[in-house]
file start31.txt (compact mmCIF, C-alpha atoms and all ligand atoms)
# COMPACT_ATOMS: atom_id res chain seq x y z
CA MET A 1 112.52 112.71 108.71
CA SER A 2 115.93 112.39 107.09
CA LEU A 3 116.93 110.29 104.09
CA ALA A 4 120.43 109.84 105.55
CA LEU A 5 121.24 106.28 106.67
CA SER A 6 122.50 105.24 110.10
CA PRO A 7 125.80 103.26 110.21
CA ALA A 8 123.81 100.04 110.82
CA ASP A 9 121.60 100.73 107.81
CA GLU A 10 124.65 101.52 105.70
CA ALA A 11 126.09 98.16 106.71
CA LEU A 12 122.87 96.41 105.66
CA ARG A 13 122.93 98.28 102.34
CA ASP A 14 126.49 97.12 101.67
CA GLN A 15 125.65 93.56 102.65
CA VAL A 16 122.66 93.46 100.27
CA ARG A 17 124.64 95.16 97.50
CA ASP A 18 127.60 92.78 97.80
CA PHE A 19 125.37 89.71 97.82
CA LEU A 20 123.33 90.80 94.80
CA GLU A 21 126.37 91.91 92.81
CA ALA A 22 128.09 88.60 93.46
CA ASN A 23 125.07 86.40 92.73
CA VAL A 24 122.70 87.98 90.18
CA PRO A 25 123.96 87.01 86.71
CA ASP A 26 124.64 89.60 84.01
CA ASP A 27 121.82 88.47 81.68
CA ILE A 28 119.21 89.11 84.40
CA ARG A 29 120.80 92.47 85.25
CA PHE A 30 120.96 93.45 81.58
CA LYS A 31 117.25 92.70 81.11
CA HIS A 32 116.43 94.66 84.21
CA ASP A 33 118.49 97.65 83.11
CA THR A 34 116.86 97.63 79.70
CA ILE A 35 113.45 97.49 81.47
CA GLU A 36 112.62 94.35 79.53
CA ARG A 37 110.22 91.87 81.07
CA GLN A 38 111.70 89.00 83.05
CA SER A 39 110.47 85.43 82.43
CA LYS A 40 108.67 83.28 84.99
CA ALA A 41 111.78 81.13 85.33
CA THR A 42 113.90 84.18 86.13
CA ALA A 43 111.40 85.52 88.65
CA GLY A 44 111.36 82.15 90.46
CA TRP A 45 115.15 81.85 90.33
CA VAL A 46 115.66 85.27 91.90
CA GLN A 47 113.06 84.56 94.58
CA ALA A 48 114.86 81.29 95.43
CA LEU A 49 118.21 83.12 95.53
CA LEU A 50 116.86 85.74 97.94
CA HIS A 51 115.34 82.96 100.02
CA THR A 52 118.82 81.56 100.70
CA ARG A 53 119.49 84.79 102.63
CA GLY A 54 116.01 85.06 104.18
CA TRP A 55 115.28 88.18 102.07
CA SER A 56 112.60 86.84 99.69
CA VAL A 57 109.68 88.28 101.69
CA PRO A 58 111.17 91.58 102.85
CA GLY A 59 107.99 92.90 104.50
CA TRP A 60 107.26 89.79 106.60
CA PRO A 61 107.96 89.38 110.32
CA THR A 62 110.55 86.82 111.46
CA GLN A 63 107.80 84.65 112.95
CA PHE A 64 106.69 83.82 109.38
CA GLY A 65 110.13 83.50 107.85
CA GLY A 66 110.72 87.14 106.90
CA PRO A 67 113.74 89.24 107.89
CA GLY A 68 111.65 91.40 110.28
CA TRP A 69 113.01 94.56 108.65
CA ASN A 70 111.69 97.96 109.56
CA ALA A 71 110.50 100.42 106.92
CA VAL A 72 113.89 101.96 106.25
CA GLN A 73 115.54 98.56 105.91
CA GLN A 74 112.87 97.45 103.44
CA SER A 75 113.33 100.52 101.31
CA ILE A 76 117.13 100.01 101.39
CA PHE A 77 116.60 96.48 100.12
CA HIS A 78 114.26 97.61 97.33
CA ALA A 79 116.66 100.36 96.29
CA GLU A 80 119.60 97.94 96.16
CA CYS A 81 117.66 95.40 94.07
CA ALA A 82 116.87 98.18 91.61
CA ARG A 83 120.42 99.56 91.64
CA VAL A 84 122.09 96.20 91.10
CA GLY A 85 119.46 95.13 88.53
CA ALA A 86 117.74 92.30 90.43
CA PRO A 87 113.97 91.90 89.96
CA LEU A 88 111.99 92.50 93.15
CA PRO A 89 109.99 89.65 94.70
CA SER A 90 106.62 89.21 92.94
CA GLN A 91 103.74 91.37 94.13
CA PHE A 92 101.19 88.59 94.25
CA GLY A 93 102.75 86.16 96.75
CA PRO A 94 105.09 88.17 99.01
CA ILE A 95 103.18 91.48 99.08
CA MET A 96 99.54 90.53 98.55
CA ILE A 97 98.42 87.06 99.62
CA GLY A 98 101.25 86.23 102.06
CA PRO A 99 100.32 88.91 104.64
CA VAL A 100 96.60 88.02 104.26
CA LEU A 101 97.39 84.38 105.06
CA TYR A 102 99.57 85.05 108.08
CA THR A 103 97.04 87.59 109.40
CA PHE A 104 93.71 85.88 108.67
CA GLY A 105 94.50 82.35 107.39
CA THR A 106 94.24 79.08 109.29
CA GLN A 107 97.38 77.35 110.51
CA ALA A 108 96.83 74.68 107.84
CA GLN A 109 96.67 77.37 105.12
CA GLN A 110 99.83 78.99 106.44
CA GLN A 111 101.66 75.66 106.52
CA ARG A 112 100.54 74.77 103.04
CA HIS A 113 101.21 78.08 101.27
CA LEU A 114 103.75 80.33 102.98
CA GLU A 115 106.86 78.27 102.18
CA GLY A 116 106.11 78.17 98.42
CA ILE A 117 105.79 81.98 98.44
CA ARG A 118 109.04 82.38 100.34
CA ASN A 119 111.11 80.06 98.15
CA GLY A 120 109.65 81.17 94.80
CA SER A 121 108.35 77.73 93.80
CA VAL A 122 104.66 78.73 93.77
CA PHE A 123 103.19 81.64 91.77
CA TRP A 124 99.96 83.42 92.58
CA CYS A 125 97.57 85.65 90.66
CA GLN A 126 94.85 88.04 91.79
CA GLY A 127 91.24 87.26 90.81
CA TYR A 128 89.44 90.47 91.77
CA SER A 129 88.32 92.35 88.61
CA GLU A 130 85.50 91.20 86.37
CA PRO A 131 83.85 92.68 83.29
CA GLY A 132 81.60 95.28 84.97
CA ALA A 133 83.37 95.08 88.35
CA GLY A 134 86.63 97.03 88.41
CA SER A 135 86.40 100.32 90.29
CA ASP A 136 83.05 99.13 91.59
CA LEU A 137 84.61 95.89 92.80
CA ALA A 138 81.82 95.08 95.25
CA SER A 139 79.44 94.47 92.34
CA LEU A 140 81.39 91.33 91.33
CA LYS A 141 79.27 88.42 90.16
CA THR A 142 81.51 85.32 90.10
CA HIS A 143 79.47 83.01 92.24
CA ALA A 144 80.39 80.29 94.75
CA ALA A 145 77.69 77.96 96.04
CA ARG A 146 78.36 75.66 98.99
CA ASP A 147 78.04 71.97 98.12
CA GLY A 148 79.00 69.71 101.04
CA ASP A 149 82.71 70.16 101.76
CA ALA A 150 83.32 72.37 98.70
CA TYR A 151 82.28 75.55 96.89
CA ILE A 152 81.21 75.36 93.24
CA VAL A 153 82.52 78.44 91.43
CA ASN A 154 81.06 79.85 88.21
CA GLY A 155 81.87 83.14 86.50
CA GLN A 156 84.67 85.17 84.97
CA LYS A 157 87.64 87.31 85.98
CA ILE A 158 89.45 89.74 83.70
CA TRP A 159 92.79 91.61 83.53
CA THR A 160 94.32 88.79 85.58
CA THR A 161 98.05 89.50 85.47
CA GLN A 162 100.19 86.35 85.12
CA ALA A 163 97.24 83.95 85.40
CA HIS A 164 99.13 81.93 82.76
CA TRP A 165 102.10 81.66 85.19
CA ALA A 166 100.10 81.09 88.32
CA ASP A 167 99.74 77.89 90.33
CA TRP A 168 97.12 79.48 92.60
CA MET A 169 94.66 82.38 92.50
CA PHE A 170 93.30 84.34 95.45
CA CYS A 171 89.80 85.08 94.32
CA LEU A 172 86.81 87.15 95.40
CA VAL A 173 83.50 85.33 94.94
CA ARG A 174 79.88 86.09 95.77
CA THR A 175 78.50 83.75 98.39
CA ASP A 176 75.37 85.72 99.31
CA ALA A 177 73.46 87.38 96.51
CA GLU A 178 70.81 88.82 98.86
CA ALA A 179 73.08 90.75 101.25
CA ARG A 180 74.44 94.28 100.73
CA PRO A 181 77.14 93.82 98.00
CA GLN A 182 80.14 94.18 100.37
CA ASN A 183 78.62 91.72 102.84
CA GLY A 184 78.10 88.85 100.40
CA ILE A 185 81.70 88.35 99.25
CA SER A 186 84.13 85.59 100.28
CA PHE A 187 87.85 85.14 99.74
CA LEU A 188 88.86 81.78 98.22
CA LEU A 189 92.20 80.20 97.35
CA ILE A 190 91.85 78.37 94.04
CA ASP A 191 94.30 75.84 92.59
CA MET A 192 94.67 76.90 88.93
CA LYS A 193 94.89 73.24 87.85
CA THR A 194 91.34 72.52 89.05
CA PRO A 195 89.08 71.18 86.24
CA GLY A 196 86.72 73.84 84.84
CA ILE A 197 89.24 76.73 84.76
CA SER A 198 90.22 78.14 81.38
CA ILE A 199 92.52 81.05 80.59
CA ARG A 200 92.41 83.34 77.54
CA PRO A 201 95.31 85.77 76.91
CA ILE A 202 94.84 89.52 76.44
CA ILE A 203 97.69 91.23 74.55
CA SER A 204 98.20 94.77 75.86
CA ILE A 205 99.22 97.95 74.02
CA ASP A 206 102.93 97.23 74.57
CA GLY A 207 102.50 94.10 72.45
CA LEU A 208 103.15 91.70 75.34
CA HIS A 209 101.17 89.03 77.18
CA HIS A 210 100.80 89.94 80.86
CA LEU A 211 97.01 89.88 81.10
CA ASN A 212 94.29 87.26 80.86
CA GLU A 213 90.63 86.46 81.14
CA VAL A 214 89.93 83.53 83.47
CA PHE A 215 86.70 81.53 83.19
CA PHE A 216 85.22 79.25 85.88
CA SER A 217 82.77 76.54 84.94
CA ASP A 218 81.58 74.42 87.87
CA VAL A 219 85.00 74.64 89.54
CA ARG A 220 85.06 72.61 92.76
CA VAL A 221 87.06 74.37 95.50
CA PRO A 222 87.51 72.63 98.86
CA ALA A 223 85.82 74.60 101.66
CA GLU A 224 89.11 74.50 103.61
CA ASN A 225 90.38 77.02 100.99
CA LEU A 226 88.09 79.73 102.35
CA VAL A 227 90.15 82.47 104.04
CA GLY A 228 88.60 83.75 107.28
CA GLU A 229 84.83 83.74 107.49
CA GLU A 230 82.30 83.28 104.72
CA ASN A 231 80.87 86.63 103.53
CA LYS A 232 83.66 88.58 105.26
CA GLY A 233 85.91 88.57 102.18
CA TRP A 234 85.60 92.33 101.69
CA THR A 235 87.58 92.92 104.90
CA TYR A 236 90.51 90.77 103.69
CA ALA A 237 90.26 92.20 100.17
CA LYS A 238 90.64 95.76 101.49
CA PHE A 239 93.54 94.78 103.76
CA LEU A 240 95.28 93.33 100.70
CA LEU A 241 94.59 96.39 98.53
CA GLY A 242 96.26 98.63 101.12
CA ASN A 243 99.45 96.56 100.79
CA GLU A 244 99.13 96.47 97.00
CA ARG A 245 98.94 100.24 96.73
CA THR A 246 101.98 100.72 98.96
CA GLY A 247 104.00 98.27 96.86
CA LEU A 248 102.99 100.00 93.64
CA ALA A 249 104.99 103.18 94.30
CA GLY A 250 108.18 101.56 92.91
CA VAL A 251 110.66 104.15 94.26
CA GLY A 252 113.84 102.05 93.86
CA HIS A 253 113.12 101.17 90.26
CA MET A 254 112.31 104.76 89.38
CA ARG A 255 115.61 105.85 90.90
CA ALA A 256 117.53 103.27 88.84
CA LEU A 257 115.71 104.20 85.64
CA LEU A 258 116.26 107.92 86.20
CA SER A 259 119.96 107.32 86.68
CA HIS A 260 120.08 105.38 83.36
CA LEU A 261 118.18 108.20 81.65
CA TYR A 262 120.70 110.70 83.02
CA GLY A 263 123.49 108.68 81.36
CA PHE A 264 121.40 108.42 78.19
CA ALA A 265 120.96 112.22 78.03
CA LYS A 266 124.72 112.76 78.46
CA MET A 267 125.43 110.25 75.72
CA LEU A 268 122.96 111.95 73.34
CA ALA A 269 124.61 115.32 74.07
CA ASP A 270 128.05 113.86 73.27
CA GLU A 271 126.76 112.50 69.97
CA ASN A 272 124.82 115.57 68.87
CA GLU A 273 125.79 119.10 69.85
CA ALA A 274 122.29 120.40 68.98
CA PHE A 275 120.81 118.22 71.75
CA ASP A 276 119.29 120.38 74.53
CA LEU A 277 121.24 118.98 77.49
CA ASP A 278 120.27 121.84 79.83
CA GLY A 279 116.57 121.21 79.17
CA ALA A 280 117.01 117.48 79.73
CA LEU A 281 118.91 118.01 82.98
CA ARG A 282 116.25 120.43 84.24
CA GLN A 283 113.59 117.77 83.65
CA TYR A 284 115.83 115.19 85.31
CA ALA A 285 116.24 117.43 88.38
CA GLU A 286 112.48 118.05 88.67
CA LEU A 287 111.73 114.33 88.47
CA THR A 288 114.44 113.54 91.03
CA ILE A 289 113.00 116.05 93.52
CA ARG A 290 109.55 114.52 93.11
CA LEU A 291 111.06 111.07 93.65
CA ASP A 292 112.81 112.20 96.86
CA SER A 293 109.55 113.46 98.30
CA LEU A 294 107.79 110.24 97.28
CA GLU A 295 110.47 108.22 99.06
CA MET A 296 109.80 110.18 102.25
CA LEU A 297 106.09 109.49 101.92
CA GLU A 298 106.76 105.79 101.36
CA ARG A 299 108.86 105.60 104.54
CA ARG A 300 106.13 107.32 106.48
CA ALA A 301 103.61 104.80 105.11
CA LEU A 302 105.82 101.89 106.12
CA LEU A 303 106.44 103.33 109.58
CA ALA A 304 102.88 104.46 110.32
CA ALA A 305 100.44 102.62 112.54
CA GLU A 306 98.06 100.46 110.53
CA GLY A 307 95.20 102.93 110.09
CA ASN A 308 97.50 105.71 108.97
CA ALA A 309 99.46 103.37 106.71
CA GLN A 310 96.23 102.54 104.84
CA ARG A 311 95.51 106.26 104.46
CA LEU A 312 99.00 106.97 103.16
CA ALA A 313 98.79 104.04 100.73
CA MET A 314 96.37 106.03 98.58
CA PRO A 315 98.46 109.18 97.95
CA LEU A 316 101.48 106.92 97.57
CA LYS A 317 99.86 104.93 94.80
CA LEU A 318 98.56 108.08 93.14
CA MET A 319 101.83 110.01 93.26
CA GLY A 320 104.00 106.97 92.53
CA THR A 321 102.16 105.87 89.41
CA THR A 322 101.89 109.43 88.06
CA LEU A 323 105.64 109.85 88.54
CA GLN A 324 106.31 106.48 86.86
CA GLN A 325 104.38 107.74 83.83
CA ASP A 326 106.23 111.06 83.79
CA ILE A 327 109.62 109.32 83.97
CA SER A 328 108.62 106.96 81.16
CA GLN A 329 107.58 110.01 79.11
CA PHE A 330 110.94 111.69 79.82
CA GLY A 331 112.55 108.52 78.41
CA ILE A 332 110.74 108.59 75.07
CA GLU A 333 111.21 112.36 74.76
CA LEU A 334 114.97 111.82 75.13
CA ALA A 335 114.94 108.96 72.62
CA GLY A 336 112.81 111.00 70.16
CA GLN A 337 112.58 109.23 66.82
CA GLY A 338 114.74 106.44 68.26
CA ALA A 339 111.74 105.31 70.31
CA MET A 340 110.08 104.06 67.11
CA PRO A 341 109.22 101.49 65.90
CA LEU A 342 107.78 99.58 68.83
CA ALA A 343 109.56 96.24 68.98
CA ASN A 344 107.29 93.35 69.88
CA THR A 345 109.77 91.46 72.03
CA GLY A 346 111.85 94.42 73.02
CA ALA A 347 114.86 92.90 71.27
CA PRO A 348 114.64 93.63 67.52
CA GLY A 349 116.09 96.92 66.40
CA ARG A 350 117.79 97.48 69.72
CA GLU A 351 121.01 99.39 69.63
CA ARG A 352 123.12 99.47 72.70
CA GLY A 353 124.46 102.79 73.83
CA ASN A 354 128.08 103.79 73.42
CA GLU A 355 128.81 103.65 77.10
CA ALA A 356 129.57 100.13 78.24
CA ASP A 357 127.12 100.23 81.13
CA LEU A 358 124.29 102.00 79.34
CA ASN A 359 121.77 99.54 77.97
CA ILE A 360 118.72 101.72 77.42
CA SER A 361 117.21 101.58 73.94
CA GLY A 362 114.49 103.67 72.29
CA PRO A 363 112.04 100.87 71.36
CA VAL A 364 112.12 99.39 74.86
CA LEU A 365 111.60 102.87 76.34
CA MET A 366 108.50 103.11 74.13
CA GLN A 367 107.30 99.70 75.27
CA HIS A 368 107.80 100.76 78.89
CA TYR A 369 106.00 104.07 78.25
CA LEU A 370 103.01 102.28 76.74
CA PHE A 371 102.77 99.75 79.57
CA LYS A 372 102.99 102.52 82.17
CA ARG A 373 99.75 104.05 80.80
CA ALA A 374 98.12 101.25 82.81
CA ALA A 375 99.83 102.22 86.08
CA THR A 376 97.13 104.76 86.92
CA ILE A 377 94.47 102.10 86.28
CA TYR A 378 95.64 98.90 88.00
CA GLY A 379 95.37 98.65 91.76
CA GLY A 380 92.56 101.26 91.67
CA THR A 381 92.32 104.16 89.17
CA SER A 382 93.61 107.64 89.99
CA GLU A 383 90.09 109.10 89.77
CA VAL A 384 88.85 106.65 92.38
CA GLN A 385 91.91 107.20 94.62
CA ARG A 386 91.21 110.94 94.55
CA SER A 387 87.57 110.42 95.53
CA ILE A 388 88.52 108.15 98.44
CA MET A 389 91.19 110.61 99.62
CA ALA A 390 88.74 113.47 99.46
CA LYS A 391 86.50 111.59 101.89
CA ALA A 392 89.05 109.78 104.09
CA ILE A 393 91.73 112.47 104.42
CA LEU A 394 90.05 115.79 103.69
CA GLY A 395 86.67 114.78 105.13
CA LEU A 396 84.78 116.15 102.10
C1 LIG A 401 97.83 96.26 83.38
C2 LIG A 401 96.71 95.90 84.30
C3 LIG A 401 96.87 94.84 85.18
C4 LIG A 401 95.82 94.46 86.01
N1 LIG A 401 95.99 93.36 86.81
C5 LIG A 401 94.94 92.92 87.55
C6 LIG A 401 95.03 91.69 88.29
O1 LIG A 401 96.08 91.03 88.29
N2 LIG A 401 93.95 91.27 88.97
C7 LIG A 401 92.78 91.98 88.99
O2 LIG A 401 91.85 91.55 89.66
N3 LIG A 401 92.64 93.13 88.29
C8 LIG A 401 93.69 93.60 87.55
N4 LIG A 401 93.55 94.75 86.81
C9 LIG A 401 92.25 95.42 86.76
C10 LIG A 401 92.21 96.76 87.47
O3 LIG A 401 92.16 96.60 88.85
C11 LIG A 401 90.98 97.50 86.92
O4 LIG A 401 91.23 97.77 85.56
C12 LIG A 401 90.71 98.79 87.66
O5 LIG A 401 90.25 98.52 88.96
C13 LIG A 401 89.66 99.65 86.92
O6 LIG A 401 88.51 98.93 86.64
P1 LIG A 401 87.90 98.87 85.17
O7 LIG A 401 88.99 98.50 84.22
O8 LIG A 401 86.70 98.00 85.22
O9 LIG A 401 87.49 100.36 84.82
P2 LIG A 401 86.16 101.11 85.30
O10 LIG A 401 85.95 100.89 86.75
O11 LIG A 401 85.05 100.75 84.38
O12 LIG A 401 86.57 102.63 85.09
C14 LIG A 401 86.51 103.26 83.79
C15 LIG A 401 86.83 104.74 84.01
O13 LIG A 401 85.81 105.34 84.84
C16 LIG A 401 86.40 105.95 85.98
N5 LIG A 401 85.56 105.76 87.15
C17 LIG A 401 84.96 104.61 87.53
N6 LIG A 401 84.27 104.79 88.68
C18 LIG A 401 84.45 106.09 89.04
C19 LIG A 401 84.02 106.89 90.15
N7 LIG A 401 83.24 106.37 91.12
N8 LIG A 401 84.41 108.18 90.19
C20 LIG A 401 85.21 108.71 89.22
N9 LIG A 401 85.64 107.99 88.14
C21 LIG A 401 85.27 106.70 88.07
C22 LIG A 401 87.74 105.25 86.18
O14 LIG A 401 88.67 106.04 86.86
C23 LIG A 401 88.14 104.98 84.74
O15 LIG A 401 88.78 106.13 84.19
C24 LIG A 401 94.60 95.17 85.98
C25 LIG A 401 94.43 96.25 85.12
C26 LIG A 401 95.46 96.60 84.27
C27 LIG A 401 95.25 97.75 83.31
call {"tool": "encode", "arguments": {"input": "start31.txt", "output": "structure tokens", "more": "lines below"}}
Ligand SMILES: Cc1cc2nc3c(=O)[nH]c(=O)nc-3n(C[C@H](O)[C@H](O)[C@H](O)COP(=O)(O)OP(=O)(O)OC[C@H]3O[C@@H](n4cnc5c(N)ncnc54)[C@H](O)[C@@H]3O)c2cc1C
result
Amino acid sequence: MSLALSPADEALRDQVRDFLEANVPDDIRFKHDTIERQSKATAGWVQALLHTRGWSVPGWPTQFGGPGWNAVQQSIFHAECARVGAPLPSQFGPIMIGPVLYTFGTQAQQQRHLEGIRNGSVFWCQGYSEPGAGSDLASLKTHAARDGDAYIVNGQKIWTTQAHWADWMFCLVRTDAEARPQNGISFLLIDMKTPGISIRPIISIDGLHHLNEVFFSDVRVPAENLVGEENKGWTYAKFLLGNERTGLAGVGHMRALLSHLYGFAKMLADENEAFDLDGALRQYAELTIRLDSLEMLERRALLAAEGNAQRLAMPLKLMGTTLQQDISQFGIELAGQGAMPLANTGAPGRERGNEADLNISGPVLMQHYLFKRAATIYGGTSEVQRSIMAKAILGL
């Protein structure tokens, strides 16, 4: 398989590049380049902008309002977003729940929810993990009891990214406590404004608020919000996790960050003749080679038939997140003492580089490094991925 683009793919790349360069404002691009977090308003604005071109759900088929792109076209789009400095569409709607709804949802669910995901007006969060049910997800205890035309939900979720932004949660609940754990789980769509839901923030090691605990106390969820069949939620949950792990590789963003770090290393060498530029460039080359091979794997995953795609999703997540951590480490090693102190918002103490287009700063590199420690935990830990691969791929 070659990384070279066909003339048609080159034309798509130029079309995406021109549109993003003309329409994504500098403040959003600056934040992206400095790897600072985007706000909810920005994320929604970019999603709406992409929607005007039919690009807001790049992995979806045309039948459901997507562009119907093949794997190569999707990776071109992701790479251009990263290169131009446009945030990618959110994981939770476009990558996770959207495909579950158009594959397993009722027509009414599709009509109600798909448009809000496409146009960026509705945010979703993922209610899977609980205290005591992370890697061992099937042991989850949040309970839903049928009561007439509704389920009554009680329990707790944890590590819920962007629950404080979300309008809706897709949530795994136990509907049969007697069955084998995997067979007693259902998949519910829960309106986050429903009485009985409370959210408590968790501040992570980077000093920011991404994560939350979510508590359910007698939350009444209409039975029409059940996806698929009762007690079959594990099937939909696994389908979704396969997509999540593919999306977590983050090739385009790594490529953009590496290119900024290359500029950063050159700038440091210009400023200080004792700086070990050869050593930095060797590390840069090694990371770039690993990224190239990851990109090939990602294309294979996107092109593979469903069963194989699920199998490739695991090594992709494992290799992608490890590489993200190694690139973030390269960043703070370059910045050295400049990576301290950790700035709470990313802004204080920032010094822009000498080159006009180089916005990387030490404290934000440190913030990024600290957040990336979680990359080998969320979406399934590396240890668990290795165990599954040992069984599924190597047959051990
Ligand atoms: C930044 C971040 C964002 C997240 N966002 C979300 C979200 O939006 N929604 C959501 O539902 N969840 C989210 N999570 C939760 C995430 O999915 C869990 O943290 C993850 O599945 C691990 O579960 P745990 O934290 O309970 O750790 P545990 O499962 O308790 O694992 C603890 C340690 O034991 C190891 N371990 C566990 N079981 C095995 C085994 N069988 N073999 C070998 N080693 C094992 C693990 O690898 C790990 O090192 C997020 C987590 C983080 C850090």
call {"tool": "residues_around", "arguments": {"input": "start31.txt", "residues": "Leu240 of chain A", "least_positions_apart": "5", "cutoff": "10 Å", "atoms": "all atoms listed in the file", "output": "PyMOL selection string"}}
result
chain A and resi 92+95-100+234-235+245
call {"tool": "residues_near_ligand", "arguments": {"input": "start31.txt", "ligand": "ligand LIG 401 (chain A)", "cutoff": "8 Å", "atoms": "only C-alpha atoms and all ligand atoms", "output": "VMD selection string"}}
result
chain A and resid 125 to 137 157 to 163 204 210 to 211 371 374 to 375 377 to 384 387
call {"tool": "closest_residue", "arguments": {"input": "start31.txt", "among": "A:Met296, A:Leu20, A:Leu370, A:Ala249", "to": "Leu318 of chain A", "atoms": "all atoms listed in the file"}}
result
A:Ala249
call {"tool": "atom_distance", "arguments": {"input": "start31.txt", "atom1": "atom CA of Gln107 of chain A", "atom2": "atom CA of Arg53 of chain A"}}
result
24.6 Å
call {"tool": "atom_distance", "arguments": {"input": "start31.txt", "atom1": "atom CA of Ala145 of chain A", "atom2": "atom CA of Phe187 of chain A"}}
result
13.0 Å
call {"tool": "atom_distance", "arguments": {"input": "start31.txt", "atom1": "atom CA of His51 of chain A", "atom2": "atom CA of Gln91 of chain A"}}
result
15.5 Å
call {"tool": "closest_residue", "arguments": {"input": "start31.txt", "among": "A:Leu277, A:Ala41, A:Ala166, A:Ala339", "to": "Asn212 of chain A", "atoms": "all atoms listed in the file"}}
result
A:Ala166
call {"tool": "residues_around", "arguments": {"input": "start31.txt", "residues": "Gly331 of chain A", "least_positions_apart": "4", "cutoff": "12 Å", "atoms": "only C-alpha atoms", "output": "PyMOL selection string"}}
result
chain A and resi 34-35+254+257-265+280+283-284+287+324-327+335-339+360-370+372
call {"tool": "residues_around", "arguments": {"input": "start31.txt", "residues": "segment 74-90 of chain A", "least_positions_apart": "3", "cutoff": "9 Å", "atoms": "only C-alpha atoms", "output": "ChimeraX atom specification"}}
result
/A:9-10,12-14,16-17,20-21,24-26,28-33,38,42-44,46-47,50,55-59,69-71,93-95,120,123-124,250-257,295,298-299,302
call {"tool": "write_last_selection", "arguments": {"input": "start31.txt", "atoms": "C-alpha atoms", "output": "mmCIF file, in the coordinates of the input"}}
result
data_model
loop_
_atom_site.group_PDB
_atom_site.id
_atom_site.type_symbol
_atom_site.label_atom_id
_atom_site.label_comp_id
_atom_site.auth_asym_id
_atom_site.auth_seq_id
_atom_site.Cartn_x
_atom_site.Cartn_y
_atom_site.Cartn_z
ATOM 1 C CA ASP A 9 121.600 100.730 107.810
ATOM 2 C CA GLU A 10 124.650 101.520 105.700
ATOM 3 C CA LEU A 12 122.870 96.410 105.660
ATOM 4 C CA ARG A 13 122.930 98.280 102.340
ATOM 5 C CA ASP A 14 126.490 97.120 101.670
ATOM 6 C CA VAL A 16 122.660 93.460 100.270
ATOM 7 C CA ARG A 17 124.640 95.160 97.500
ATOM 8 C CA LEU A 20 123.330 90.800 94.800
ATOM 9 C CA GLU A 21 126.370 91.910 92.810
ATOM 10 C CA VAL A 24 122.700 87.980 90.180
ATOM 11 C CA PRO A 25 123.960 87.010 86.710
ATOM 12 C CA ASP A 26 124.640 89.600 84.010
ATOM 13 C CA ILE A 28 119.210 89.110 84.400
ATOM 14 C CA ARG A 29 120.800 92.470 85.250
ATOM 15 C CA PHE A 30 120.960 93.450 81.580
ATOM 16 C CA LYS A 31 117.250 92.700 81.110
ATOM 17 C CA HIS A 32 116.430 94.660 84.210
ATOM 18 C CA ASP A 33 118.490 97.650 83.110
ATOM 19 C CA GLN A 38 111.700 89.000 83.050
ATOM 20 C CA THR A 42 113.900 84.180 86.130
ATOM 21 C CA ALA A 43 111.400 85.520 88.650
ATOM 22 C CA GLY A 44 111.360 82.150 90.460
ATOM 23 C CA VAL A 46 115.660 85.270 91.900
ATOM 24 C CA GLN A 47 113.060 84.560 94.580
ATOM 25 C CA LEU A 50 116.860 85.740 97.940
ATOM 26 C CA TRP A 55 115.280 88.180 102.070
ATOM 27 C CA SER A 56 112.600 86.840 99.690
ATOM 28 C CA VAL A 57 109.680 88.280 101.690
ATOM 29 C CA PRO A 58 111.170 91.580 102.850
ATOM 30 C CA GLY A 59 107.990 92.900 104.500
ATOM 31 C CA TRP A 69 113.010 94.560 108.650
ATOM 32 C CA ASN A 70 111.690 97.960 109.560
ATOM 33 C CA ALA A 71 110.500 100.420 106.920
ATOM 34 C CA GLY A 93 102.750 86.160 96.750
ATOM 35 C CA PRO A 94 105.090 88.170 99.010
ATOM 36 C CA ILE A 95 103.180 91.480 99.080
ATOM 37 C CA GLY A 120 109.650 81.170 94.800
ATOM 38 C CA PHE A 123 103.190 81.640 91.770
ATOM 39 C CA TRP A 124 99.960 83.420 92.580
ATOM 40 C CA GLY A 250 108.180 101.560 92.910
ATOM 41 C CA VAL A 251 110.660 104.150 94.260
ATOM 42 C CA GLY A 252 113.840 102.050 93.860
ATOM 43 C CA HIS A 253 113.120 101.170 90.260
ATOM 44 C CA MET A 254 112.310 104.760 89.380
ATOM 45 C CA ARG A 255 115.610 105.850 90.900
ATOM 46 C CA ALA A 256 117.530 103.270 88.840
ATOM 47 C CA LEU A 257 115.710 104.200 85.640
ATOM 48 C CA GLU A 295 110.470 108.220 99.060
ATOM 49 C CA GLU A 298 106.760 105.790 101.360
ATOM 50 C CA ARG A 299 108.860 105.600 104.540
ATOM 51 C CA LEU A 302 105.820 101.890 106.120
#
call {"tool": "closest_residue", "arguments": {"input": "start31.txt", "among": "A:Pro201, A:Gly196, A:Gly155, A:Gly65", "to": "His143 of chain A", "atoms": "only C-alpha atoms"}}
result
A:Gly155
call {"tool": "residues_around", "arguments": {"input": "start31.txt", "residues": "segment 228-233 of chain A", "least_positions_apart": "2", "cutoff": "12 Å", "atoms": "only C-alpha atoms", "output": "PyMOL selection string"}}
result
chain A and resi 100-107+109+128+137-138+143-146+151+170-189+223-226+235-240
call {"tool": "closest_residue", "arguments": {"input": "start31.txt", "among": "A:Leu316, A:Met169, A:Ala304, A:Ile197", "to": "Arg290 of chain A", "atoms": "only C-alpha atoms"}}
result
A:Leu316
call {"tool": "closest_residue", "arguments": {"input": "start31.txt", "among": "A:Ala313, A:Ala8, A:Ile332, A:Val219", "to": "Leu241 of chain A", "atoms": "only C-alpha atoms"}}
result
A:Ala313
